[in-house]
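**Student:** Below you'll find protein-v7.cif; it's mmCIF, C-alpha atoms.
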```
data_final
#
loop_
_atom_site.label_atom_id
_atom_site.label_comp_id
_atom_site.auth_asym_id
_atom_site.auth_seq_id
_atom_site.Cartn_x
_atom_site.Cartn_y
_atom_site.Cartn_z
CA MET A 266 120.07 149.17 66.50
CA LYS A 267 123.78 149.92 66.89
CA LEU A 268 124.64 146.39 65.78
CA ARG A 269 122.44 146.73 62.69
CA PHE A 270 123.97 150.14 61.94
CA ALA A 271 127.46 148.64 62.10
CA ALA A 272 126.44 145.63 60.05
CA VAL A 273 125.05 147.74 57.23
CA LEU A 274 128.19 149.87 57.16
CA ILE A 275 130.28 146.70 56.87
CA PHE A 276 128.12 145.53 53.96
CA VAL A 277 128.50 148.89 52.26
CA PHE A 278 132.21 149.43 52.69
CA MET A 279 133.88 146.04 53.17
CA LEU A 280 132.07 143.32 51.25
CA PRO A 281 132.57 142.89 47.49
CA ALA A 282 129.97 144.62 45.39
CA THR A 283 128.80 141.31 43.91
CA CYS A 284 127.79 139.87 47.28
CA LEU A 285 124.79 142.03 48.09
CA GLY A 286 124.80 144.54 45.29
CA ILE A 287 121.77 145.06 43.08
CA SER A 288 121.45 147.13 39.93
CA LEU A 289 118.57 149.50 39.25
CA ASP A 290 116.94 147.20 36.68
CA GLU A 291 117.26 144.24 39.03
CA ALA A 292 115.73 146.28 41.84
CA VAL A 293 112.73 147.23 39.71
CA GLU A 294 112.13 143.59 38.73
CA TYR A 295 112.55 142.46 42.33
CA ALA A 296 109.92 144.95 43.50
CA LYS A 297 107.48 143.82 40.80
CA GLN A 298 107.73 140.30 42.16
CA HIS A 299 107.80 141.03 45.90
CA SER A 300 106.14 144.40 46.55
CA GLN A 301 102.91 144.14 48.53
CA LYS A 302 101.52 147.06 46.53
CA VAL A 303 101.84 145.03 43.34
CA GLY A 304 100.19 142.06 45.03
CA ILE A 305 97.28 144.22 46.16
CA ALA A 306 96.91 145.67 42.66
CA ARG A 307 96.91 142.17 41.17
CA GLN A 308 94.05 141.16 43.46
CA GLU A 309 92.21 144.32 42.46
CA VAL A 310 92.33 143.11 38.85
CA HIS A 311 90.70 139.85 39.95
CA LYS A 312 88.01 141.84 41.80
CA VAL A 313 87.21 143.92 38.74
CA GLU A 314 87.06 140.81 36.56
CA ALA A 315 84.61 139.23 38.99
CA THR A 316 82.56 142.44 39.04
CA GLY A 317 82.33 142.34 35.25
CA ARG A 318 81.14 138.73 35.28
CA GLN A 319 78.64 139.60 37.98
CA GLY A 320 77.31 142.53 35.96
CA ARG A 321 76.51 140.47 32.85
CA ALA A 322 75.26 137.38 34.69
CA PHE A 323 71.62 138.44 34.19
CA ALA A 324 71.99 137.83 30.45
CA LEU A 325 72.79 134.13 30.97
CA PRO A 326 70.19 131.42 31.69
CA GLN A 327 68.83 131.53 35.22
CA VAL A 328 67.86 128.19 36.79
CA LYS A 329 66.32 127.74 40.23
CA MET A 330 65.43 124.54 42.05
CA GLY A 331 63.48 123.98 45.22
CA ALA A 332 62.24 121.12 47.36
CA ARG A 333 60.13 120.84 50.49
CA TYR A 334 58.94 118.35 53.03
CA LEU A 335 56.31 119.55 55.45
CA ASP A 336 54.90 117.55 58.31
CA LEU A 337 51.30 118.77 58.63
CA GLY A 338 49.19 118.58 61.74
CA SER A 339 45.86 119.79 63.12
CA ASN A 340 44.01 119.68 66.46
CA SER A 341 40.69 119.13 64.71
CA PRO A 342 39.06 115.76 65.59
CA ARG A 343 39.25 113.15 62.86
CA LEU A 344 35.94 112.20 61.25
CA PRO A 345 34.80 108.58 61.06
CA SER A 346 35.31 106.73 57.76
CA PRO A 347 34.30 107.30 54.98
CA LEU A 348 34.17 110.97 55.91
CA ASP A 349 37.83 110.69 56.89
CA PHE A 350 38.60 110.94 53.17
CA PHE A 351 38.20 114.70 53.45
CA ALA A 352 40.65 115.04 56.35
CA PRO A 353 43.73 117.27 55.68
CA PRO A 354 46.91 115.43 54.63
CA GLU A 355 49.53 114.56 57.21
CA SER A 356 52.48 115.69 55.06
CA ASP A 357 53.33 117.68 51.96
CA VAL A 358 56.24 116.73 49.73
CA GLY A 359 57.11 118.80 46.69
CA ALA A 360 59.84 119.85 44.28
CA SER A 361 60.05 122.56 41.64
CA ILE A 362 62.37 123.83 38.96
CA SER A 363 62.23 127.05 36.97
CA ALA A 364 64.36 128.51 34.22
CA SER A 365 64.43 131.81 32.41
CA GLN A 366 66.43 133.45 29.67
CA VAL A 367 66.52 137.11 28.70
CA LEU A 368 65.41 137.59 25.09
CA PHE A 369 65.41 141.38 25.04
CA SER A 370 66.37 143.96 27.65
CA GLY A 371 66.90 147.18 25.76
CA PHE A 372 70.34 146.02 24.53
CA LYS A 373 71.55 145.85 28.14
CA ALA A 374 72.78 142.28 27.69
CA HIS A 375 75.04 143.19 24.78
CA ASN A 376 76.32 146.29 26.56
CA ALA A 377 76.95 144.28 29.72
CA TYR A 378 79.23 141.94 27.79
CA GLN A 379 81.06 144.92 26.31
CA LEU A 380 81.30 146.54 29.75
CA GLU A 381 82.92 143.40 31.13
CA LYS A 382 85.62 143.63 28.46
CA ALA A 383 86.09 147.35 29.10
CA LEU A 384 86.37 146.82 32.85
CA ASN A 385 88.97 144.10 32.36
CA ALA A 386 91.00 146.30 30.02
CA GLY A 387 90.75 149.22 32.45
CA ALA A 388 91.81 147.00 35.34
CA LYS A 389 94.94 145.94 33.47
CA LEU A 390 95.79 149.57 32.76
CA ALA A 391 95.22 150.42 36.43
CA PHE A 392 97.53 147.54 37.35
CA SER A 393 100.19 148.90 35.00
CA SER A 394 99.77 152.30 36.62
CA THR A 395 100.29 150.82 40.09
CA VAL A 396 103.36 148.95 38.91
CA SER A 397 104.68 152.22 37.49
CA THR A 398 104.13 153.86 40.86
CA VAL A 399 106.08 151.07 42.57
CA GLU A 400 108.83 151.45 39.96
CA ARG A 401 108.95 155.19 40.64
CA ASP A 402 109.28 154.55 44.39
CA VAL A 403 112.08 152.02 43.80
CA ARG A 404 113.96 154.32 41.45
CA GLU A 405 113.68 157.26 43.83
CA ALA A 406 114.78 155.15 46.81
CA PHE A 407 117.65 153.73 44.74
CA ASP A 408 118.80 157.22 43.75
CA ARG A 409 118.61 158.45 47.34
CA VAL A 410 121.10 155.73 48.28
CA LEU A 411 123.43 156.82 45.48
CA LEU A 412 123.07 160.44 46.62
CA ALA A 413 123.81 159.55 50.25
CA ARG A 414 126.83 157.49 49.16
CA ALA A 415 128.20 160.30 46.96
CA ASN A 416 127.73 162.82 49.77
CA LEU A 417 129.42 160.45 52.18
CA ALA A 418 132.48 160.26 49.92
CA ILE A 419 132.71 164.06 50.00
CA LEU A 420 132.37 164.09 53.79
CA GLU A 421 135.11 161.46 54.14
CA ASP A 422 137.41 163.53 51.94
CA ARG A 423 136.58 166.61 53.97
CA VAL A 424 137.54 164.83 57.20
CA SER A 425 140.81 163.78 55.59
CA GLN A 426 141.47 167.39 54.57
CA ASN A 427 140.69 168.69 58.06
CA GLU A 428 142.99 166.09 59.59
CA SER A 429 145.79 167.34 57.33
CA GLN A 430 144.99 170.94 58.30
CA TYR A 431 145.10 170.00 61.96
CA GLN A 432 148.52 168.41 61.50
CA ASP A 433 149.71 171.51 59.63
CA ALA A 434 148.51 173.74 62.47
CA LYS A 435 150.31 171.60 65.06
CA SER A 436 153.53 171.64 63.05
CA LEU A 437 153.37 175.40 62.51
CA LYS A 438 152.66 175.97 66.20
CA GLU A 439 155.69 173.89 67.18
CA ALA A 440 157.74 175.95 64.73
CA GLY A 441 156.42 179.12 66.38
CA MET A 442 154.73 180.37 63.23
CA VAL A 443 151.15 180.30 64.62
CA THR A 444 149.55 180.43 68.02
CA ARG A 445 147.60 177.78 69.93
CA LEU A 446 144.47 179.46 68.56
CA ASP A 447 145.12 177.96 65.11
CA GLU A 448 145.60 174.50 66.58
CA ARG A 449 142.35 174.69 68.56
CA GLN A 450 140.41 176.10 65.63
CA SER A 451 141.68 173.44 63.23
CA GLN A 452 140.78 170.76 65.78
CA GLN A 453 137.31 172.23 66.12
CA ALA A 454 136.89 172.18 62.33
CA LEU A 455 137.97 168.53 62.36
CA ASN A 456 135.37 167.73 65.03
CA ILE A 457 132.65 169.43 62.99
CA ALA A 458 133.66 167.50 59.86
CA THR A 459 133.74 164.23 61.80
CA ASP A 460 130.27 164.88 63.17
CA ALA A 461 129.00 165.57 59.65
CA LEU A 462 130.61 162.33 58.50
CA ARG A 463 128.80 160.33 61.19
CA ASP A 464 125.53 161.95 60.17
CA GLY A 465 126.26 161.09 56.53
CA LYS A 466 126.82 157.45 57.46
CA ALA A 467 123.51 157.39 59.33
CA GLN A 468 121.74 158.91 56.34
CA LEU A 469 123.22 156.26 54.06
CA VAL A 470 122.07 153.45 56.35
CA SER A 471 118.61 155.00 56.55
CA ALA A 472 118.45 155.32 52.76
CA ILE A 473 119.44 151.65 52.35
CA ASN A 474 116.81 150.55 54.86
CA ASN A 475 114.10 152.58 53.11
CA PHE A 476 115.21 151.17 49.76
CA ASN A 477 114.86 147.60 50.99
CA VAL A 478 111.44 148.27 52.50
CA THR A 479 110.36 149.74 49.15
CA LEU A 480 111.48 146.51 47.49
CA GLY A 481 109.13 144.57 49.76
CA ARG A 482 111.76 143.30 52.21
CA PHE A 483 111.74 143.44 55.99
CA ALA A 484 114.21 145.76 57.68
CA ALA A 485 115.66 142.82 59.63
CA GLU A 486 116.71 141.01 56.45
CA THR A 487 120.20 141.27 55.02
CA PRO A 488 120.00 144.48 52.98
CA LEU A 489 120.43 144.67 49.24
CA ILE A 490 122.85 147.45 48.34
CA PRO A 491 122.22 149.63 45.24
CA GLN A 492 125.14 149.68 42.83
CA GLY A 493 125.84 152.46 40.36
CA ASP A 494 127.05 156.02 39.96
CA ILE A 495 124.79 158.98 40.54
CA ALA A 496 126.26 160.70 37.48
CA ASP A 497 125.03 157.94 35.14
CA VAL A 498 121.75 158.59 33.30
CA PRO A 499 120.13 157.01 30.23
CA ASP A 500 120.07 158.75 26.87
CA MET A 501 117.71 161.64 27.64
CA HIS A 502 117.54 162.77 24.02
CA SER A 503 116.15 159.38 23.02
CA LEU A 504 113.69 159.36 25.92
CA ILE A 505 112.37 162.81 25.06
CA GLU A 506 112.01 161.88 21.39
CA ARG A 507 110.00 158.78 22.31
CA LEU A 508 107.82 160.81 24.68
CA GLU A 509 106.96 163.32 21.98
CA THR A 510 106.16 160.55 19.49
CA MET A 511 103.89 158.70 21.93
CA LEU A 512 102.15 161.91 22.96
CA GLU A 513 101.42 162.67 19.32
CA SER A 514 100.06 159.15 18.75
CA ARG A 515 98.22 159.26 22.11
CA THR A 516 99.66 155.96 23.30
CA LEU A 517 101.04 157.03 26.67
CA LEU A 518 99.71 155.10 29.65
CA ASP A 519 97.83 158.01 31.19
CA ILE A 520 96.06 158.64 27.88
CA GLU A 521 95.17 154.96 27.54
CA LYS A 522 93.70 155.04 31.04
CA ALA A 523 91.62 158.11 30.21
CA ARG A 524 90.35 156.43 27.07
CA ALA A 525 89.42 153.33 29.03
CA ASP A 526 87.44 155.49 31.47
CA ILE A 527 85.54 157.01 28.54
CA ARG A 528 84.75 153.56 27.13
CA THR A 529 83.55 152.24 30.49
CA SER A 530 81.43 155.28 31.32
CA SER A 531 79.89 155.26 27.82
CA LEU A 532 78.79 151.65 28.24
CA VAL A 533 77.33 152.40 31.68
CA TYR A 534 75.38 155.23 30.08
CA ASP A 535 74.10 152.93 27.32
CA ILE A 536 73.04 150.39 29.93
CA SER A 537 71.16 153.08 31.84
CA LYS A 538 69.23 153.93 28.64
CA GLY A 539 68.17 150.30 28.36
CA ASP A 540 66.15 150.67 31.57
CA TYR A 541 63.50 152.53 29.53
CA TYR A 542 62.78 149.48 27.37
CA PRO A 543 60.64 146.45 28.24
CA ASN A 544 62.24 143.17 29.25
CA LEU A 545 61.26 139.98 27.46
CA TYR A 546 62.01 136.56 28.97
CA LEU A 547 61.63 132.96 27.94
CA VAL A 548 60.40 131.15 31.05
CA ALA A 549 59.73 127.52 31.98
CA GLN A 550 58.59 126.03 35.26
CA GLY A 551 57.63 122.60 36.58
CA GLU A 552 56.40 121.45 40.02
CA THR A 553 55.29 118.27 41.72
CA ALA A 554 53.56 118.21 45.11
CA GLY A 555 51.45 115.88 47.23
CA GLU A 556 51.31 113.58 50.22
CA LYS A 557 52.09 110.24 48.59
CA PRO A 558 54.28 109.36 45.58
CA GLY A 559 51.41 107.93 43.61
CA SER A 560 49.02 110.77 44.23
CA ARG A 561 51.13 113.88 43.72
CA ASP A 562 49.96 116.69 41.49
CA GLU A 563 52.28 117.83 38.75
CA SER A 564 52.19 121.09 36.85
CA TRP A 565 54.32 122.86 34.32
CA SER A 566 54.43 125.99 32.23
CA LEU A 567 56.40 127.26 29.24
CA GLY A 568 56.21 130.58 27.43
CA VAL A 569 57.39 134.15 27.32
CA GLN A 570 56.99 136.90 29.87
CA LEU A 571 57.08 140.65 29.31
CA SER A 572 57.74 143.24 32.01
CA TRP A 573 57.96 146.99 31.61
CA ASP A 574 58.58 149.54 34.34
CA ILE A 575 56.42 152.44 33.25
CA TYR A 576 57.16 154.77 36.15
CA ASP A 577 59.57 154.34 39.04
CA GLY A 578 59.51 157.75 40.68
CA GLY A 579 62.37 159.13 38.59
CA ALA A 580 65.03 156.57 39.60
CA ARG A 581 65.88 155.66 35.99
CA LYS A 582 66.12 159.29 34.97
CA ALA A 583 68.47 160.05 37.86
CA ALA A 584 70.63 157.00 37.05
CA ARG A 585 70.87 158.07 33.42
CA ALA A 586 71.79 161.64 34.39
CA LYS A 587 74.51 160.31 36.70
CA ALA A 588 75.90 158.04 33.96
CA LEU A 589 75.89 160.94 31.49
CA ALA A 590 77.79 163.15 33.95
CA GLU A 591 80.38 160.42 34.52
CA MET A 592 80.82 159.98 30.76
CA ASN A 593 81.33 163.72 30.25
CA GLN A 594 83.67 163.76 33.23
CA ALA A 595 85.76 161.00 31.62
CA ARG A 596 85.97 162.96 28.37
CA GLU A 597 87.18 166.01 30.25
CA GLY A 598 89.69 163.75 31.97
CA LEU A 599 91.17 162.79 28.61
CA GLU A 600 91.64 166.43 27.63
CA LEU A 601 93.17 167.14 31.03
CA ALA A 602 95.57 164.19 30.67
CA LEU A 603 96.67 165.42 27.25
CA ARG A 604 97.41 168.91 28.53
CA GLU A 605 99.17 167.71 31.67
CA LEU A 606 101.32 165.25 29.74
CA SER A 607 102.21 167.92 27.21
CA GLY A 608 103.28 170.22 30.03
CA ALA A 609 105.20 167.46 31.82
CA ILE A 610 107.15 166.53 28.69
CA GLU A 611 107.97 170.17 27.99
CA ASN A 612 109.18 170.56 31.59
CA ILE A 613 111.40 167.51 31.18
CA LYS A 614 112.92 168.98 28.01
CA VAL A 615 113.55 172.39 29.58
CA GLY A 616 114.80 170.87 32.83
CA PHE A 617 117.22 168.56 31.05
CA VAL A 618 118.80 171.35 28.99
CA ALA A 619 119.11 173.54 32.08
CA LEU A 620 120.65 170.75 34.15
CA GLU A 621 123.21 169.94 31.50
CA GLU A 622 124.32 173.56 31.46
CA ARG A 623 124.30 173.84 35.26
CA ILE A 624 126.30 170.63 35.69
CA ALA A 625 128.94 171.88 33.26
CA ILE A 626 129.25 175.15 35.21
CA ALA A 627 129.24 173.29 38.55
CA ASN A 628 132.04 170.97 37.41
CA ALA A 629 134.10 173.98 36.42
CA SER A 630 133.42 175.50 39.84
CA VAL A 631 134.59 172.31 41.55
CA GLU A 632 137.88 172.46 39.69
CA LEU A 633 138.34 176.13 40.59
CA ALA A 634 137.49 175.42 44.23
CA ARG A 635 139.97 172.52 44.30
CA GLN A 636 142.77 174.64 42.91
CA ASN A 637 141.95 177.48 45.32
CA TYR A 638 141.96 175.12 48.28
CA GLU A 639 145.33 173.61 47.32
CA ASP A 640 146.84 177.09 46.84
CA ALA A 641 145.34 178.21 50.15
CA ARG A 642 146.96 175.30 51.97
CA GLU A 643 150.33 176.26 50.59
CA GLN A 644 149.81 179.88 51.56
CA TYR A 645 148.75 178.85 55.08
CA ARG A 646 151.89 176.76 55.47
CA GLU A 647 153.91 179.78 54.40
CA GLY A 648 152.05 182.02 56.84
CA PHE A 649 150.31 184.26 54.32
CA ILE A 650 146.71 183.49 55.34
CA SER A 651 144.96 182.50 58.56
CA ILE A 652 143.44 179.15 59.49
CA THR A 653 140.00 180.78 59.22
CA GLN A 654 140.60 181.70 55.60
CA LEU A 655 141.87 178.21 54.86
CA GLY A 656 138.71 176.80 56.44
CA ASP A 657 136.61 178.95 54.14
CA PHE A 658 138.36 177.55 51.08
CA ASN A 659 137.82 174.04 52.45
CA LEU A 660 134.12 174.76 52.86
CA TYR A 661 133.79 176.25 49.37
CA PHE A 662 135.41 173.15 47.89
CA SER A 663 132.99 170.82 49.71
CA GLU A 664 129.93 172.91 48.85
CA ALA A 665 130.92 172.94 45.17
CA ARG A 666 131.09 169.13 45.15
CA PHE A 667 127.81 168.81 47.06
CA ASN A 668 126.21 171.04 44.44
CA VAL A 669 127.39 168.82 41.58
CA THR A 670 126.09 165.74 43.37
CA ARG A 671 122.71 167.37 43.92
CA LEU A 672 122.47 168.34 40.25
CA HIS A 673 123.28 164.78 39.18
CA TYR A 674 120.53 163.57 41.52
CA GLU A 675 118.04 166.01 39.97
CA ARG A 676 119.00 164.77 36.51
CA ARG A 677 118.37 161.16 37.54
CA MET A 678 114.98 162.19 38.94
CA LEU A 679 114.21 163.83 35.60
CA ALA A 680 115.16 160.63 33.78
CA THR A 681 112.90 158.64 36.12
CA ALA A 682 109.97 160.92 35.29
CA ALA A 683 110.56 160.37 31.57
CA ILE A 684 110.91 156.59 31.90
CA LEU A 685 107.70 156.27 33.90
CA LEU A 686 105.73 158.30 31.38
CA LEU A 687 106.88 155.79 28.77
CA ALA A 688 105.89 152.78 30.88
CA GLN A 689 103.43 150.73 28.80
CA ASP A 690 104.17 147.11 29.55
CA SER A 691 104.95 147.31 33.25
#
```
Re-express the file's structure as structure tokens.

**Tutor:**
Amino acid sequence: MKLRFAAVLIFVFMLPATCLGISLDEAVEYAKQHSQKVGIARQEVHKVEATGRQGRAFALPQVKMGARYLDLGSNSPRLPSPLDFFAPPESDVGASISASQVLFSGFKAHNAYQLEKALNAGAKLAFSSTVSTVERDVREAFDRVLLARANLAILEDRVSQNESQYQDAKSLKEAGMVTRLDERQSQQALNIATDALRDGKAQLVSAINNFNVTLGRFAAETPLIPQGDIADVPDMHSLIERLETMLESRTLLDIEKARADIRTSSLVYDISKGDYYPNLYLVAQGETAGEKPGSRDESWSLGVQLSWDIYDGGARKAARAKALAEMNQAREGLELALRELSGAIENIKVGFVALEERIAIANASVELARQNYEDAREQYREGFISITQLGDFNLYFSEARFNVTRLHYERRMLATAAILLLAQDS
């Protein structure tokens, strides 16, 4: 584990970015090709397609064939000839074939074909939804690496600052301006900062490992390293405008899925109504049977057959009630999706405006904290403030930068939410 930890750190800090680096768009495409979740979803599409074909198979011609060879025997004594003519045969050889075709089934055949199409369309939408989920996981894992890297840069700078403070304390002590207490306290602050730096490195390695697993790679493989800046985000104004347009036209993926559910449940309900109608079949059958080839009996039949379930104990009524409830449930699901999407888009708009304002304030705070820290260092060197006060200014400076990094991370998460709502052709 220690060797892997060291190896990942080397990849992150020493190798050129082009060696193992991967952009966000490249990471998303890689996951679409290699993620096991996408593979499972793709097989689910095949399952649904097969289910649709299975459901409408009854409407196609049905052909059955059969053959038999029976060796017959009896313990009854054989009669003398010519009475032996009436003895049972010693074998029975036969073959049969039958075919049927539905002519009318209460429109169930037509609805079954339509249901197959609806199921296939719904399966493709479900696949797109799964791919969007994988994309969300990749984007979030990618951004966590950028966040860990940005935090690590702050921690490294903080260690460098504490090393300088420690050297200042030693120099001032040698000059007799401060006591050994300042030297020990500055060394303790350096130890704390160094410990935080080691933890930051571990968090970065962990984030990289999780990112690679999300891509569909094994942890033992050479890791792919996300490249980018946590402060970079796409044009949020354009994303929000597109979201509002697609919500108005009801073309967002979640709405399309809800519509597909309504279509599927409506067809299932129509099929359940067909159970109240009679079924009409065209049937044909032929059979040959006997002991010897020249003496076999042959028979055949051709015509139509009508069947009608008059009463089945209420099973059809219950099935129809269930299908009706599922159809109404799907319609409610569409209304719910519309309201939830409307709320989500509004939250994105409000959150984006708030984050832009907060980031501007936080950047100003970082600059103030930087200037205060630099002034405090000069005042400490001149003996006007204590090492404890200098440490406070150091901490305020670091916290201000951590806050900006966190806000940038939240803005990227907001952009991810908007992009995934727009995902139509994933």

**Student:** So the first atom is atom CA of A:Asp290 and the second is atom CA of A:Met501; what is the distance between them in Å, to one decimal place?

**Tutor:**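 Between atom CA of A:Asp290 and atom CA of A:Met501 the gap is 17.1 Å.
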
**Student:** Stretch 448-471 of chain A near stretch 484-497 of chain A within 12 Å: what's each residue's closest atom pair and its distance in Å to one decimal, counting all atoms listed in the file, ordered by chain then ascending residue number, as a Markdown table?

**Tutor:**
```
| residue | atom | partner | partner_atom | distance |
| --- | --- | --- | --- | --- |
| A:Leu469 | CA | A:Ile490 | CA | 10.5 |
| A:Val470 | CA | A:Pro488 | CA | 9.8 |
| A:Ser471 | CA | A:Ala484 | CA | 10.3 |
```

**Student:** From the options A:Gln308, A:Ser663, A:Asn475, A:Ser651, which residue's atoms come nearest to A:Leu437, counting all atoms listed in the file?

**Tutor:**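 Using all atoms listed in the file, the shortest distance to A:Leu437 belongs to A:Ser651.
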
**Student:** Leaving out A:Leu380 and any residue of its chain fewer than 4 positions from it, which residues lie within 8 Å of it when counting all atoms listed in the file, given as an MDAnalysis selection string?

**Tutor:** chainID A and resid 317 376 384 529 532:533

**Student:** A:Pro499: which residues within 10 Å, counting all atoms listed in the file, same-chain residues fewer than 2 positions away excluded, as number ranges by chain?

**Tutor:** A: 497, 501-504, 677, 680-681, 684

**Student:** Find the residues around stretch 409-424 of chain A up to 10 Å (all atoms listed in the file counted), leave out those fewer than 5 positions away in its own chain, and share them as a PyMOL selection string.

**Tutor:** chain A and resi 277+403-404+429-430+454-476+490-496+659-660+662-664+666-668+670-671+673-674+678

**Student:** Considering all atoms listed in the file, can you say which of A:Ala554, A:Thr479, A:Val615, A:Phe649 comes closest to A:Asp402?

**Tutor:**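 Of all the options, A:Thr479 lies closest to A:Asp402.
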
**Student:** Ranking A:Thr516, A:Tyr576, A:Glu632, A:Ser537 by minimum distance to A:Ala588 and counting only C-alpha atoms, which one comes first?

**Tutor:**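 Between A:Thr516, A:Tyr576, A:Glu632, A:Ser537, the residue approaching A:Ala588 most closely is A:Ser537.
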
**Student:** Measuring between all atoms listed in the file, which one of A:Ile652, A:Val631, A:Leu606, A:Ala388 shows the shortest distance to A:Ser451?

**Tutor:**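 Checking each candidate against A:Ser451, we get A:Ile652 as the closest.
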
**Student:** What's the 12 Å shell around A:Gln298, counting all atoms listed in the file, without same-chain residues fewer than 2 positions away, as a list of chain:residue names?

**Tutor:**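 Contacts, in chain order: A:Glu291, A:Ala292, A:Val293, A:Glu294, A:Tyr295, A:Ala296, A:Ser300, A:Gln301, A:Lys302, A:Val303, A:Gly304, A:Ile305, A:Arg307, A:Val396, A:Val399, A:Glu400, A:Leu480, A:Gly481, A:Arg482, A:Ser691.
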
**Student:** If you apply the PyMOL selection byres ((chain A and resi 634) around 8) to this file, what residues do you get, as a PyMOL selection string?

**Tutor:** chain A and resi 630-633+635-638+658+661-662+665
